Every structure is written in structure tokens, then in C-alpha cells.
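With mmCIF, N, CA and C atoms inside, this is final-v3.cif:
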```
data_final
loop_
_atom_site.label_atom_id
_atom_site.label_comp_id
_atom_site.auth_asym_id
_atom_site.auth_seq_id
_atom_site.Cartn_x
_atom_site.Cartn_y
_atom_site.Cartn_z
N MET A 1 40.40 -13.77 -51.23
CA MET A 1 41.19 -12.74 -50.60
C MET A 1 42.70 -13.02 -50.66
N PRO A 2 43.17 -14.27 -50.56
CA PRO A 2 44.62 -14.48 -50.74
C PRO A 2 45.03 -14.12 -52.16
N LEU A 3 46.27 -13.69 -52.31
CA LEU A 3 46.78 -13.31 -53.62
C LEU A 3 47.39 -14.52 -54.32
N SER A 4 47.37 -14.50 -55.62
CA SER A 4 48.04 -15.55 -56.40
C SER A 4 49.55 -15.39 -56.23
N LEU A 5 50.30 -16.40 -56.63
CA LEU A 5 51.76 -16.32 -56.53
C LEU A 5 52.29 -15.12 -57.31
N SER A 6 51.82 -14.91 -58.52
CA SER A 6 52.33 -13.77 -59.30
C SER A 6 51.93 -12.44 -58.67
N GLU A 7 50.74 -12.34 -58.10
CA GLU A 7 50.33 -11.11 -57.42
C GLU A 7 51.20 -10.86 -56.18
N ARG A 8 51.49 -11.92 -55.43
CA ARG A 8 52.35 -11.78 -54.24
C ARG A 8 53.75 -11.32 -54.65
N GLN A 9 54.31 -11.98 -55.67
CA GLN A 9 55.65 -11.63 -56.12
C GLN A 9 55.71 -10.19 -56.64
N ASP A 10 54.74 -9.79 -57.44
CA ASP A 10 54.71 -8.43 -57.98
C ASP A 10 54.60 -7.39 -56.86
N PHE A 11 53.75 -7.66 -55.88
CA PHE A 11 53.57 -6.73 -54.77
C PHE A 11 54.85 -6.63 -53.95
N LEU A 12 55.49 -7.76 -53.68
CA LEU A 12 56.73 -7.76 -52.91
C LEU A 12 57.84 -7.04 -53.68
N ALA A 13 57.81 -7.08 -54.99
CA ALA A 13 58.84 -6.42 -55.81
C ALA A 13 58.71 -4.89 -55.80
N GLU A 14 57.56 -4.37 -55.39
CA GLU A 14 57.38 -2.92 -55.29
C GLU A 14 58.21 -2.38 -54.12
N PRO A 15 58.59 -1.10 -54.16
CA PRO A 15 59.46 -0.55 -53.11
C PRO A 15 58.72 -0.13 -51.84
N HIS A 16 58.14 -1.09 -51.16
CA HIS A 16 57.52 -0.82 -49.86
C HIS A 16 58.60 -0.82 -48.78
N VAL A 17 58.38 -0.10 -47.70
CA VAL A 17 59.22 -0.27 -46.53
C VAL A 17 58.67 -1.50 -45.81
N ALA A 18 59.54 -2.44 -45.50
CA ALA A 18 59.11 -3.69 -44.87
C ALA A 18 59.32 -3.63 -43.37
N ALA A 19 58.52 -4.40 -42.66
CA ALA A 19 58.77 -4.66 -41.24
C ALA A 19 59.49 -6.00 -41.18
N LEU A 20 60.73 -5.99 -40.71
CA LEU A 20 61.52 -7.19 -40.56
C LEU A 20 61.36 -7.68 -39.13
N ALA A 21 61.13 -8.97 -38.96
CA ALA A 21 61.04 -9.57 -37.63
C ALA A 21 62.01 -10.74 -37.56
N VAL A 22 62.75 -10.78 -36.44
CA VAL A 22 63.72 -11.86 -36.23
C VAL A 22 63.68 -12.24 -34.75
N ALA A 23 63.81 -13.54 -34.49
CA ALA A 23 63.75 -14.06 -33.13
C ALA A 23 64.85 -13.48 -32.27
N GLU A 24 64.52 -13.29 -30.99
CA GLU A 24 65.49 -12.82 -30.02
C GLU A 24 65.24 -13.58 -28.72
N ALA A 25 66.24 -14.28 -28.23
CA ALA A 25 66.08 -15.13 -27.05
C ALA A 25 65.60 -14.32 -25.85
N GLY A 26 64.57 -14.83 -25.18
CA GLY A 26 64.08 -14.22 -23.96
C GLY A 26 63.27 -12.96 -24.15
N ARG A 27 63.00 -12.59 -25.40
CA ARG A 27 62.23 -11.38 -25.68
C ARG A 27 61.28 -11.65 -26.83
N ALA A 28 60.41 -10.71 -27.06
CA ALA A 28 59.61 -10.75 -28.29
C ALA A 28 60.55 -10.54 -29.46
N PRO A 29 60.14 -10.95 -30.66
CA PRO A 29 61.02 -10.75 -31.82
C PRO A 29 61.36 -9.27 -32.01
N LEU A 30 62.59 -9.02 -32.46
CA LEU A 30 62.96 -7.67 -32.88
C LEU A 30 62.20 -7.39 -34.17
N THR A 31 61.50 -6.28 -34.22
CA THR A 31 60.74 -5.88 -35.41
C THR A 31 61.12 -4.45 -35.75
N VAL A 32 61.68 -4.27 -36.96
CA VAL A 32 62.17 -2.95 -37.38
C VAL A 32 61.84 -2.72 -38.85
N PRO A 33 61.69 -1.44 -39.24
CA PRO A 33 61.48 -1.14 -40.66
C PRO A 33 62.79 -1.25 -41.43
N VAL A 34 62.71 -1.77 -42.65
CA VAL A 34 63.90 -1.92 -43.50
C VAL A 34 63.56 -1.66 -44.96
N TRP A 35 64.59 -1.25 -45.69
CA TRP A 35 64.54 -1.26 -47.15
C TRP A 35 64.96 -2.66 -47.58
N TYR A 36 64.47 -3.10 -48.71
CA TYR A 36 64.82 -4.42 -49.22
C TYR A 36 64.76 -4.39 -50.74
N ALA A 37 65.29 -5.44 -51.35
CA ALA A 37 65.20 -5.60 -52.80
C ALA A 37 64.68 -7.00 -53.09
N TYR A 38 63.85 -7.10 -54.13
CA TYR A 38 63.30 -8.40 -54.51
C TYR A 38 62.91 -8.36 -55.98
N GLU A 39 63.24 -9.41 -56.69
CA GLU A 39 62.80 -9.63 -58.07
C GLU A 39 61.94 -10.89 -58.06
N PRO A 40 60.78 -10.90 -58.72
CA PRO A 40 59.94 -12.09 -58.71
C PRO A 40 60.72 -13.36 -59.03
N GLY A 41 60.52 -14.36 -58.15
CA GLY A 41 61.18 -15.65 -58.31
C GLY A 41 62.54 -15.74 -57.65
N GLY A 42 63.05 -14.61 -57.15
CA GLY A 42 64.39 -14.60 -56.56
C GLY A 42 64.35 -14.58 -55.05
N ASP A 43 65.51 -14.28 -54.48
CA ASP A 43 65.64 -14.13 -53.03
C ASP A 43 65.40 -12.68 -52.65
N VAL A 44 65.08 -12.46 -51.37
CA VAL A 44 64.91 -11.12 -50.83
C VAL A 44 66.24 -10.68 -50.25
N LEU A 45 66.67 -9.46 -50.58
CA LEU A 45 67.93 -8.91 -50.06
C LEU A 45 67.61 -7.83 -49.03
N VAL A 46 68.24 -7.96 -47.87
CA VAL A 46 68.17 -6.93 -46.83
C VAL A 46 69.60 -6.55 -46.51
N MET A 47 69.88 -5.24 -46.53
CA MET A 47 71.22 -4.73 -46.24
C MET A 47 71.18 -4.02 -44.89
N THR A 48 72.18 -4.29 -44.08
CA THR A 48 72.27 -3.63 -42.78
C THR A 48 73.72 -3.51 -42.36
N GLU A 49 73.96 -2.78 -41.29
CA GLU A 49 75.32 -2.60 -40.81
C GLU A 49 75.78 -3.88 -40.11
N ARG A 50 76.95 -4.36 -40.52
CA ARG A 50 77.53 -5.55 -39.89
C ARG A 50 77.75 -5.24 -38.40
N GLY A 51 77.41 -6.16 -37.56
CA GLY A 51 77.59 -5.96 -36.12
C GLY A 51 76.42 -5.29 -35.44
N SER A 52 75.44 -4.84 -36.20
CA SER A 52 74.25 -4.24 -35.58
C SER A 52 73.45 -5.35 -34.87
N ARG A 53 72.59 -4.94 -33.99
CA ARG A 53 71.72 -5.91 -33.29
C ARG A 53 70.95 -6.74 -34.29
N LYS A 54 70.40 -6.08 -35.30
CA LYS A 54 69.63 -6.78 -36.33
C LYS A 54 70.49 -7.82 -37.04
N ALA A 55 71.71 -7.43 -37.44
CA ALA A 55 72.59 -8.37 -38.13
C ALA A 55 72.97 -9.55 -37.23
N ARG A 56 73.27 -9.27 -35.98
CA ARG A 56 73.63 -10.35 -35.06
C ARG A 56 72.48 -11.33 -34.87
N LEU A 57 71.27 -10.80 -34.73
CA LEU A 57 70.11 -11.67 -34.52
C LEU A 57 69.79 -12.49 -35.76
N ILE A 58 69.88 -11.87 -36.94
CA ILE A 58 69.63 -12.62 -38.19
C ILE A 58 70.66 -13.74 -38.33
N ALA A 59 71.91 -13.42 -38.07
CA ALA A 59 72.96 -14.44 -38.19
C ALA A 59 72.73 -15.58 -37.20
N ALA A 60 72.32 -15.26 -35.98
CA ALA A 60 72.09 -16.29 -34.96
C ALA A 60 70.87 -17.14 -35.29
N ALA A 61 69.80 -16.51 -35.75
CA ALA A 61 68.56 -17.24 -36.04
C ALA A 61 68.64 -18.01 -37.35
N GLY A 62 69.38 -17.45 -38.30
CA GLY A 62 69.48 -18.09 -39.61
C GLY A 62 68.23 -17.93 -40.46
N ARG A 63 67.31 -17.10 -40.01
CA ARG A 63 66.07 -16.86 -40.76
C ARG A 63 65.40 -15.60 -40.22
N PHE A 64 64.48 -15.06 -41.00
CA PHE A 64 63.71 -13.90 -40.57
C PHE A 64 62.44 -13.82 -41.41
N SER A 65 61.61 -12.87 -41.09
CA SER A 65 60.40 -12.65 -41.88
C SER A 65 60.29 -11.17 -42.21
N LEU A 66 59.54 -10.90 -43.29
CA LEU A 66 59.25 -9.53 -43.71
C LEU A 66 57.76 -9.39 -43.93
N LEU A 67 57.24 -8.23 -43.63
CA LEU A 67 55.85 -7.89 -43.91
C LEU A 67 55.84 -6.57 -44.67
N VAL A 68 55.18 -6.55 -45.83
CA VAL A 68 54.95 -5.32 -46.56
C VAL A 68 53.45 -5.13 -46.71
N GLN A 69 53.03 -3.87 -46.68
CA GLN A 69 51.59 -3.63 -46.75
C GLN A 69 51.28 -2.31 -47.45
N ARG A 70 50.07 -2.25 -47.92
CA ARG A 70 49.51 -1.02 -48.47
C ARG A 70 48.30 -0.71 -47.60
N THR A 71 48.23 0.51 -47.11
CA THR A 71 47.15 0.83 -46.16
C THR A 71 45.97 1.56 -46.79
N GLU A 72 46.18 2.19 -47.95
CA GLU A 72 45.04 2.86 -48.57
C GLU A 72 44.19 1.83 -49.31
N PRO A 73 42.93 2.13 -49.54
CA PRO A 73 42.06 1.14 -50.21
C PRO A 73 42.62 0.76 -51.57
N THR A 74 42.66 -0.49 -51.86
CA THR A 74 42.29 -1.53 -50.91
C THR A 74 43.52 -1.98 -50.13
N TYR A 75 43.28 -2.29 -48.84
CA TYR A 75 44.34 -2.78 -47.99
C TYR A 75 44.88 -4.08 -48.57
N ARG A 76 46.20 -4.22 -48.59
CA ARG A 76 46.83 -5.44 -49.12
C ARG A 76 48.11 -5.67 -48.33
N TYR A 77 48.42 -6.93 -48.07
CA TYR A 77 49.71 -7.24 -47.45
C TYR A 77 50.28 -8.53 -48.00
N VAL A 78 51.60 -8.63 -47.90
CA VAL A 78 52.33 -9.84 -48.22
C VAL A 78 53.38 -10.02 -47.12
N ALA A 79 53.40 -11.20 -46.53
CA ALA A 79 54.43 -11.55 -45.56
C ALA A 79 55.19 -12.76 -46.09
N VAL A 80 56.51 -12.74 -45.90
CA VAL A 80 57.35 -13.86 -46.31
C VAL A 80 58.23 -14.27 -45.15
N GLU A 81 58.61 -15.54 -45.17
CA GLU A 81 59.48 -16.07 -44.12
C GLU A 81 60.35 -17.14 -44.74
N GLY A 82 61.60 -17.20 -44.26
CA GLY A 82 62.47 -18.24 -44.77
C GLY A 82 63.87 -18.14 -44.22
N PRO A 83 64.73 -19.05 -44.68
CA PRO A 83 66.11 -19.09 -44.21
C PRO A 83 67.00 -18.09 -44.92
N VAL A 84 68.05 -17.71 -44.24
CA VAL A 84 69.11 -16.92 -44.85
C VAL A 84 69.95 -17.89 -45.68
N VAL A 85 70.07 -17.61 -46.98
CA VAL A 85 70.82 -18.50 -47.87
C VAL A 85 72.17 -17.93 -48.27
N ALA A 86 72.43 -16.66 -47.94
CA ALA A 86 73.72 -16.05 -48.23
C ALA A 86 73.91 -14.83 -47.34
N VAL A 87 75.15 -14.63 -46.94
CA VAL A 87 75.56 -13.44 -46.19
C VAL A 87 76.81 -12.93 -46.91
N GLU A 88 76.73 -11.69 -47.42
CA GLU A 88 77.80 -11.16 -48.26
C GLU A 88 78.09 -9.72 -47.88
N SER A 89 79.33 -9.32 -48.01
CA SER A 89 79.65 -7.91 -47.85
C SER A 89 78.94 -7.13 -48.95
N ALA A 90 78.32 -6.01 -48.58
CA ALA A 90 77.61 -5.19 -49.55
C ALA A 90 78.59 -4.29 -50.29
N THR A 91 78.34 -4.08 -51.56
CA THR A 91 79.16 -3.19 -52.37
C THR A 91 78.52 -1.81 -52.46
N GLU A 92 79.30 -0.84 -52.85
CA GLU A 92 78.76 0.51 -53.05
C GLU A 92 77.69 0.50 -54.15
N ALA A 93 77.89 -0.31 -55.19
CA ALA A 93 76.90 -0.40 -56.26
C ALA A 93 75.58 -0.96 -55.74
N GLU A 94 75.64 -1.94 -54.85
CA GLU A 94 74.40 -2.49 -54.27
C GLU A 94 73.73 -1.47 -53.36
N LEU A 95 74.52 -0.72 -52.60
CA LEU A 95 73.96 0.34 -51.76
C LEU A 95 73.27 1.39 -52.64
N ARG A 96 73.90 1.75 -53.74
CA ARG A 96 73.33 2.74 -54.65
C ARG A 96 72.01 2.22 -55.24
N ALA A 97 71.99 0.97 -55.68
CA ALA A 97 70.77 0.40 -56.27
C ALA A 97 69.64 0.34 -55.24
N LEU A 98 69.94 -0.08 -54.03
CA LEU A 98 68.91 -0.16 -53.00
C LEU A 98 68.41 1.23 -52.64
N SER A 99 69.32 2.18 -52.50
CA SER A 99 68.94 3.56 -52.17
C SER A 99 68.04 4.15 -53.26
N ALA A 100 68.34 3.84 -54.51
CA ALA A 100 67.56 4.38 -55.63
C ALA A 100 66.14 3.85 -55.64
N ARG A 101 65.89 2.70 -55.02
CA ARG A 101 64.51 2.19 -54.90
C ARG A 101 63.65 3.07 -54.01
N TYR A 102 64.29 3.73 -53.05
CA TYR A 102 63.53 4.42 -51.99
C TYR A 102 63.70 5.93 -51.95
N LEU A 103 64.77 6.44 -52.50
CA LEU A 103 65.02 7.87 -52.43
C LEU A 103 64.80 8.54 -53.78
N PRO A 104 64.46 9.83 -53.78
CA PRO A 104 64.40 10.56 -55.05
C PRO A 104 65.81 10.55 -55.68
N ALA A 105 65.86 10.52 -56.99
CA ALA A 105 67.13 10.40 -57.72
C ALA A 105 68.15 11.44 -57.28
N GLU A 106 67.70 12.67 -57.00
CA GLU A 106 68.63 13.74 -56.64
C GLU A 106 69.21 13.57 -55.23
N ARG A 107 68.72 12.63 -54.44
CA ARG A 107 69.23 12.42 -53.08
C ARG A 107 70.14 11.20 -52.96
N VAL A 108 70.17 10.35 -53.98
CA VAL A 108 70.91 9.09 -53.90
C VAL A 108 72.41 9.33 -53.71
N ASP A 109 73.02 10.19 -54.53
CA ASP A 109 74.46 10.41 -54.44
C ASP A 109 74.88 10.87 -53.05
N ASP A 110 74.16 11.84 -52.48
CA ASP A 110 74.51 12.34 -51.16
C ASP A 110 74.33 11.27 -50.08
N TYR A 111 73.27 10.49 -50.19
CA TYR A 111 73.03 9.43 -49.21
C TYR A 111 74.16 8.40 -49.26
N VAL A 112 74.50 7.94 -50.46
CA VAL A 112 75.56 6.94 -50.62
C VAL A 112 76.90 7.50 -50.14
N ALA A 113 77.19 8.74 -50.51
CA ALA A 113 78.45 9.37 -50.08
C ALA A 113 78.52 9.44 -48.56
N GLY A 114 77.42 9.78 -47.92
CA GLY A 114 77.38 9.83 -46.46
C GLY A 114 77.60 8.48 -45.81
N MET A 115 77.00 7.46 -46.39
CA MET A 115 77.19 6.10 -45.86
C MET A 115 78.63 5.65 -46.04
N VAL A 116 79.22 5.92 -47.19
CA VAL A 116 80.60 5.52 -47.47
C VAL A 116 81.56 6.31 -46.58
N ALA A 117 81.33 7.63 -46.47
CA ALA A 117 82.20 8.47 -45.65
C ALA A 117 82.11 8.08 -44.18
N GLY A 118 80.94 7.60 -43.77
CA GLY A 118 80.74 7.16 -42.39
C GLY A 118 81.33 5.78 -42.14
N THR A 119 82.04 5.27 -43.14
CA THR A 119 82.67 3.95 -43.09
C THR A 119 81.74 2.87 -42.57
N LYS A 120 80.51 2.91 -43.05
CA LYS A 120 79.56 1.86 -42.68
C LYS A 120 79.99 0.55 -43.32
N ASP A 121 80.15 -0.47 -42.51
CA ASP A 121 80.47 -1.81 -42.99
C ASP A 121 79.14 -2.53 -43.17
N LEU A 122 78.67 -2.56 -44.40
CA LEU A 122 77.34 -3.10 -44.68
C LEU A 122 77.41 -4.54 -45.14
N VAL A 123 76.38 -5.29 -44.79
CA VAL A 123 76.29 -6.70 -45.15
C VAL A 123 74.91 -6.96 -45.75
N ASN A 124 74.87 -7.85 -46.73
CA ASN A 124 73.61 -8.28 -47.34
C ASN A 124 73.21 -9.65 -46.78
N PHE A 125 71.97 -9.76 -46.35
CA PHE A 125 71.38 -11.04 -46.00
C PHE A 125 70.39 -11.38 -47.10
N ARG A 126 70.48 -12.58 -47.64
CA ARG A 126 69.54 -13.03 -48.67
C ARG A 126 68.64 -14.09 -48.09
N LEU A 127 67.34 -13.83 -48.15
CA LEU A 127 66.32 -14.73 -47.63
C LEU A 127 65.71 -15.50 -48.79
N ARG A 128 65.62 -16.80 -48.68
CA ARG A 128 64.91 -17.64 -49.65
C ARG A 128 63.49 -17.82 -49.13
N VAL A 129 62.51 -17.38 -49.87
CA VAL A 129 61.11 -17.43 -49.43
C VAL A 129 60.65 -18.89 -49.35
N GLU A 130 60.28 -19.31 -48.13
CA GLU A 130 59.70 -20.64 -47.92
C GLU A 130 58.19 -20.56 -47.74
N ARG A 131 57.74 -19.49 -47.10
CA ARG A 131 56.31 -19.36 -46.80
C ARG A 131 55.82 -17.97 -47.16
N TRP A 132 54.62 -17.93 -47.71
CA TRP A 132 53.96 -16.68 -48.06
C TRP A 132 52.66 -16.59 -47.26
N LEU A 133 52.29 -15.40 -46.88
CA LEU A 133 50.98 -15.11 -46.32
C LEU A 133 50.56 -13.80 -46.95
N SER A 134 49.34 -13.76 -47.49
CA SER A 134 48.92 -12.55 -48.20
C SER A 134 47.42 -12.41 -48.17
N ALA A 135 46.97 -11.20 -48.38
CA ALA A 135 45.53 -10.94 -48.49
C ALA A 135 45.30 -9.57 -49.11
N ASP A 136 44.17 -9.46 -49.78
CA ASP A 136 43.66 -8.19 -50.27
C ASP A 136 42.15 -8.26 -50.08
N PRO A 137 41.66 -7.83 -48.90
CA PRO A 137 40.23 -7.96 -48.60
C PRO A 137 39.32 -7.24 -49.60
N GLY A 138 39.84 -6.26 -50.30
CA GLY A 138 39.00 -5.53 -51.24
C GLY A 138 39.02 -6.09 -52.65
N ALA A 139 39.81 -7.13 -52.87
CA ALA A 139 39.93 -7.70 -54.23
C ALA A 139 38.68 -8.47 -54.62
#
```
Structure re-expressed in C-alpha cells:
Amino acid sequence: MPLSLSERQDFLAEPHVAALAVAEAGRAPLTVPVWYAYEPGGDVLVMTERGSRKARLIAAAGRFSLLVQRTEPTYRYVAVEGPVVAVESATEAELRALSARYLPAERVDDYVAGMVAGTKDLVNFRLRVERWLSADPGA
């Protein structure tokens, strides 16, 4: 039932919406849906607004986890966890590339323009995968 490394990497590279979880003192972990980018063998990129609760918690914890899943048969999931290895200001080109993973092509320009016009100060967090957890019960 566990997936091989290449199966885990390939599944994580698909454009699933991930559940991001990060520690929060005195509370259960913050868990929110996020867009992300990943290439097999590389780091996971999560972009968010600088100064947001999510960004503050990731910066404080220095690590986070992601869970991606497929719910239709066969059910499959991949979870990753690891340290933040880079924090960088996001560029418009990176916003465009990430948006194109999740939005229809005809909606990307308007979405990016809205984010830029809204003067969103975006930051990229790069996670280095230390631990994998995966399964495909129907495999």
C-alpha cells in the first residue's frame, strides 16, 4: 500500500490543492488549503502573503507539513514534512506560474493582475522534504 519514492514524487508533482499544517503555540496546528509547486527531487514551494498568520507561523516554526490526496477510487495520499530551507520574495513570474497550475489559462492574467493591483506582498517558503507518508489502498 505505501507508494514508491517515484510514485510519491510524481503524485506530489500533480496540481492537487494541499492541506498545509504548521504548529501554533497553545492551539492545534493551523491547517489551511494551499496551492503549491513541486518538481520530483526538488523542494516544495508554498506562496503566501507576507505577514499573514500562515506566514508568521511558518517563519516561527521553521517547518511545516503538506497533505495531498485523491478521493475518487482509488484513494491515494502523500504527506510530506520538513524544514523551511529558503524564504524569498515572490516574483510576478512565480505567481503566474503557480496560478497556471490551478486556474484555467483564460483566468490566469486576470487573477495575477488582481493580486498585483491589490499590492499583495507575497513570499515563497521552500520546504525540503525530510519525511514522506503515503498510501494507495487500492493499488
Leaving out Leu30 (chain A) and any residue of its chain fewer than 6 positions from it, which residues lie within 6.5 Å of it when counting all atoms listed in the file, given as a ChimeraX atom specification? /A:20-24
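The result of the PyMOL selection byres (((chain A and resi 13 and name CA) around 10) and name CA) on the shown file is Glu7, Arg8, Gln9, Asp10, Phe11, Leu12, Glu14, Pro15, His16, Tyr36, Ala37, Tyr38, Glu39, Pro40, Gly41, Gly42 and Val44 of chain A.
The smallest atom-to-atom distance between Ala59 (chain A) and any of A:Leu98, A:Ala139, A:Val85, A:Val129, using only C-alpha atoms, is found for A:Val85.
The space separating atom N of Glu92 (chain A) from atom C of Leu45 (chain A) comes to 14.1 Å.
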Do you know which residues are at most 7 Å from Ala18 (chain A) counting all atoms listed in the file, after dropping those on the same chain fewer than 5 positions away, and could you put them as a PyMOL selection string? chain A and resi 32-36+66-69
Please write the residues picked by the PyMOL selection byres (((chain A and resi 90 and name CA) around 12) and name CA) on this file as a ChimeraX atom specification. /A:45-50,86-89,91-98,115-116,120-126
For the residues in that selection, give me N, CA and C atoms as a PDB file, keeping the file's coordinate frame.
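Now in result.pdb:
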```pdb
ATOM      1  N   LEU A  45      66.670  -9.460 -50.580  1.00  0.00           N
ATOM      2  CA  LEU A  45      67.930  -8.910 -50.060  1.00  0.00           C
ATOM      3  C   LEU A  45      67.610  -7.830 -49.030  1.00  0.00           C
ATOM      4  N   VAL A  46      68.240  -7.960 -47.870  1.00  0.00           N
ATOM      5  CA  VAL A  46      68.170  -6.930 -46.830  1.00  0.00           C
ATOM      6  C   VAL A  46      69.600  -6.550 -46.510  1.00  0.00           C
ATOM      7  N   MET A  47      69.880  -5.240 -46.530  1.00  0.00           N
ATOM      8  CA  MET A  47      71.220  -4.730 -46.240  1.00  0.00           C
ATOM      9  C   MET A  47      71.180  -4.020 -44.890  1.00  0.00           C
ATOM     10  N   THR A  48      72.180  -4.290 -44.080  1.00  0.00           N
ATOM     11  CA  THR A  48      72.270  -3.630 -42.780  1.00  0.00           C
ATOM     12  C   THR A  48      73.720  -3.510 -42.360  1.00  0.00           C
ATOM     13  N   GLU A  49      73.960  -2.780 -41.290  1.00  0.00           N
ATOM     14  CA  GLU A  49      75.320  -2.600 -40.810  1.00  0.00           C
ATOM     15  C   GLU A  49      75.780  -3.880 -40.110  1.00  0.00           C
ATOM     16  N   ARG A  50      76.950  -4.360 -40.520  1.00  0.00           N
ATOM     17  CA  ARG A  50      77.530  -5.550 -39.890  1.00  0.00           C
ATOM     18  C   ARG A  50      77.750  -5.240 -38.400  1.00  0.00           C
ATOM     19  N   ALA A  86      72.430 -16.660 -47.940  1.00  0.00           N
ATOM     20  CA  ALA A  86      73.720 -16.050 -48.230  1.00  0.00           C
ATOM     21  C   ALA A  86      73.910 -14.830 -47.340  1.00  0.00           C
ATOM     22  N   VAL A  87      75.150 -14.630 -46.940  1.00  0.00           N
ATOM     23  CA  VAL A  87      75.560 -13.440 -46.190  1.00  0.00           C
ATOM     24  C   VAL A  87      76.810 -12.930 -46.910  1.00  0.00           C
ATOM     25  N   GLU A  88      76.730 -11.690 -47.420  1.00  0.00           N
ATOM     26  CA  GLU A  88      77.800 -11.160 -48.260  1.00  0.00           C
ATOM     27  C   GLU A  88      78.090  -9.720 -47.880  1.00  0.00           C
ATOM     28  N   SER A  89      79.330  -9.320 -48.010  1.00  0.00           N
ATOM     29  CA  SER A  89      79.650  -7.910 -47.850  1.00  0.00           C
ATOM     30  C   SER A  89      78.940  -7.130 -48.950  1.00  0.00           C
ATOM     31  N   THR A  91      78.340  -4.080 -51.560  1.00  0.00           N
ATOM     32  CA  THR A  91      79.160  -3.190 -52.370  1.00  0.00           C
ATOM     33  C   THR A  91      78.520  -1.810 -52.460  1.00  0.00           C
ATOM     34  N   GLU A  92      79.300  -0.840 -52.850  1.00  0.00           N
ATOM     35  CA  GLU A  92      78.760   0.510 -53.050  1.00  0.00           C
ATOM     36  C   GLU A  92      77.690   0.500 -54.150  1.00  0.00           C
ATOM     37  N   ALA A  93      77.890  -0.310 -55.190  1.00  0.00           N
ATOM     38  CA  ALA A  93      76.900  -0.400 -56.260  1.00  0.00           C
ATOM     39  C   ALA A  93      75.580  -0.960 -55.740  1.00  0.00           C
ATOM     40  N   GLU A  94      75.640  -1.940 -54.850  1.00  0.00           N
ATOM     41  CA  GLU A  94      74.400  -2.490 -54.270  1.00  0.00           C
ATOM     42  C   GLU A  94      73.730  -1.470 -53.360  1.00  0.00           C
ATOM     43  N   LEU A  95      74.520  -0.720 -52.600  1.00  0.00           N
ATOM     44  CA  LEU A  95      73.960   0.340 -51.760  1.00  0.00           C
ATOM     45  C   LEU A  95      73.270   1.390 -52.640  1.00  0.00           C
ATOM     46  N   ARG A  96      73.900   1.750 -53.740  1.00  0.00           N
ATOM     47  CA  ARG A  96      73.330   2.740 -54.650  1.00  0.00           C
ATOM     48  C   ARG A  96      72.010   2.220 -55.240  1.00  0.00           C
ATOM     49  N   ALA A  97      71.990   0.970 -55.680  1.00  0.00           N
ATOM     50  CA  ALA A  97      70.770   0.400 -56.270  1.00  0.00           C
ATOM     51  C   ALA A  97      69.640   0.340 -55.240  1.00  0.00           C
ATOM     52  N   LEU A  98      69.940  -0.080 -54.030  1.00  0.00           N
ATOM     53  CA  LEU A  98      68.910  -0.160 -53.000  1.00  0.00           C
ATOM     54  C   LEU A  98      68.410   1.230 -52.640  1.00  0.00           C
ATOM     55  N   MET A 115      77.000   7.460 -46.390  1.00  0.00           N
ATOM     56  CA  MET A 115      77.190   6.100 -45.860  1.00  0.00           C
ATOM     57  C   MET A 115      78.630   5.650 -46.040  1.00  0.00           C
ATOM     58  N   VAL A 116      79.220   5.920 -47.190  1.00  0.00           N
ATOM     59  CA  VAL A 116      80.600   5.520 -47.470  1.00  0.00           C
ATOM     60  C   VAL A 116      81.560   6.310 -46.580  1.00  0.00           C
ATOM     61  N   LYS A 120      80.510   2.910 -43.050  1.00  0.00           N
ATOM     62  CA  LYS A 120      79.560   1.860 -42.680  1.00  0.00           C
ATOM     63  C   LYS A 120      79.990   0.550 -43.320  1.00  0.00           C
ATOM     64  N   ASP A 121      80.150  -0.470 -42.510  1.00  0.00           N
ATOM     65  CA  ASP A 121      80.470  -1.810 -42.990  1.00  0.00           C
ATOM     66  C   ASP A 121      79.140  -2.530 -43.170  1.00  0.00           C
ATOM     67  N   LEU A 122      78.670  -2.560 -44.400  1.00  0.00           N
ATOM     68  CA  LEU A 122      77.340  -3.100 -44.680  1.00  0.00           C
ATOM     69  C   LEU A 122      77.410  -4.540 -45.140  1.00  0.00           C
ATOM     70  N   VAL A 123      76.380  -5.290 -44.790  1.00  0.00           N
ATOM     71  CA  VAL A 123      76.290  -6.700 -45.150  1.00  0.00           C
ATOM     72  C   VAL A 123      74.910  -6.960 -45.750  1.00  0.00           C
ATOM     73  N   ASN A 124      74.870  -7.850 -46.730  1.00  0.00           N
ATOM     74  CA  ASN A 124      73.610  -8.280 -47.340  1.00  0.00           C
ATOM     75  C   ASN A 124      73.210  -9.650 -46.780  1.00  0.00           C
ATOM     76  N   PHE A 125      71.970  -9.760 -46.350  1.00  0.00           N
ATOM     77  CA  PHE A 125      71.380 -11.040 -46.000  1.00  0.00           C
ATOM     78  C   PHE A 125      70.390 -11.380 -47.100  1.00  0.00           C
ATOM     79  N   ARG A 126      70.480 -12.580 -47.640  1.00  0.00           N
ATOM     80  CA  ARG A 126      69.540 -13.030 -48.670  1.00  0.00           C
ATOM     81  C   ARG A 126      68.640 -14.090 -48.090  1.00  0.00           C
TER      82      ARG A 126
END
```
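For the pair atom C of Val80 (chain A) and atom C of Ser52 (chain A), the separation is 20.4 Å.
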Expressed in Å to a single decimal, how great is the separation between atom N of Tyr75 (chain A) and CA of Ser6 (chain A)? 18.0 Å
When DSSP works through the backbone of this structure, what residues of chain A end up as strand (DSSP E), shown as a PyMOL selection string? chain A and resi 18-22+30-34+36-38+44-49+63-70+76-89+122-127+131-135
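By only C-alpha atoms, and with residues fewer than 6 positions from Gly62 (chain A) along its chain excluded, the set lying at most 9 Å from it is Gly82, Pro83, Val84 and Val85 of chain A.
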Pick out each residue of chain A that DSSP on the backbone tags as alpha helix (DSSP H); I need them as a PyMOL selection string. chain A and resi 5-13+53-61+92-102+105-117
Find the residues near Ser99 (chain A): any atom within 8 Å, counting only N, CA and C atoms, skip ones fewer than 5 places away on the same chain, and give them as a ChimeraX atom specification. /A:35,93-94,104-105,107-109,111-112
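Closest approach to Trp132 (chain A) among A:Ala28, A:Glu81, A:Gly118, A:Arg53 is made by A:Glu81 (distances from all atoms listed in the file).
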List the residues matched by the PyMOL selection byres (((chain A and resi 3 and name CA) around 7) and name CA) in the displayed structure as a PyMOL selection string, ordered by chain and then by residue number. chain A and resi 1-2+4-5+7-8+134-136
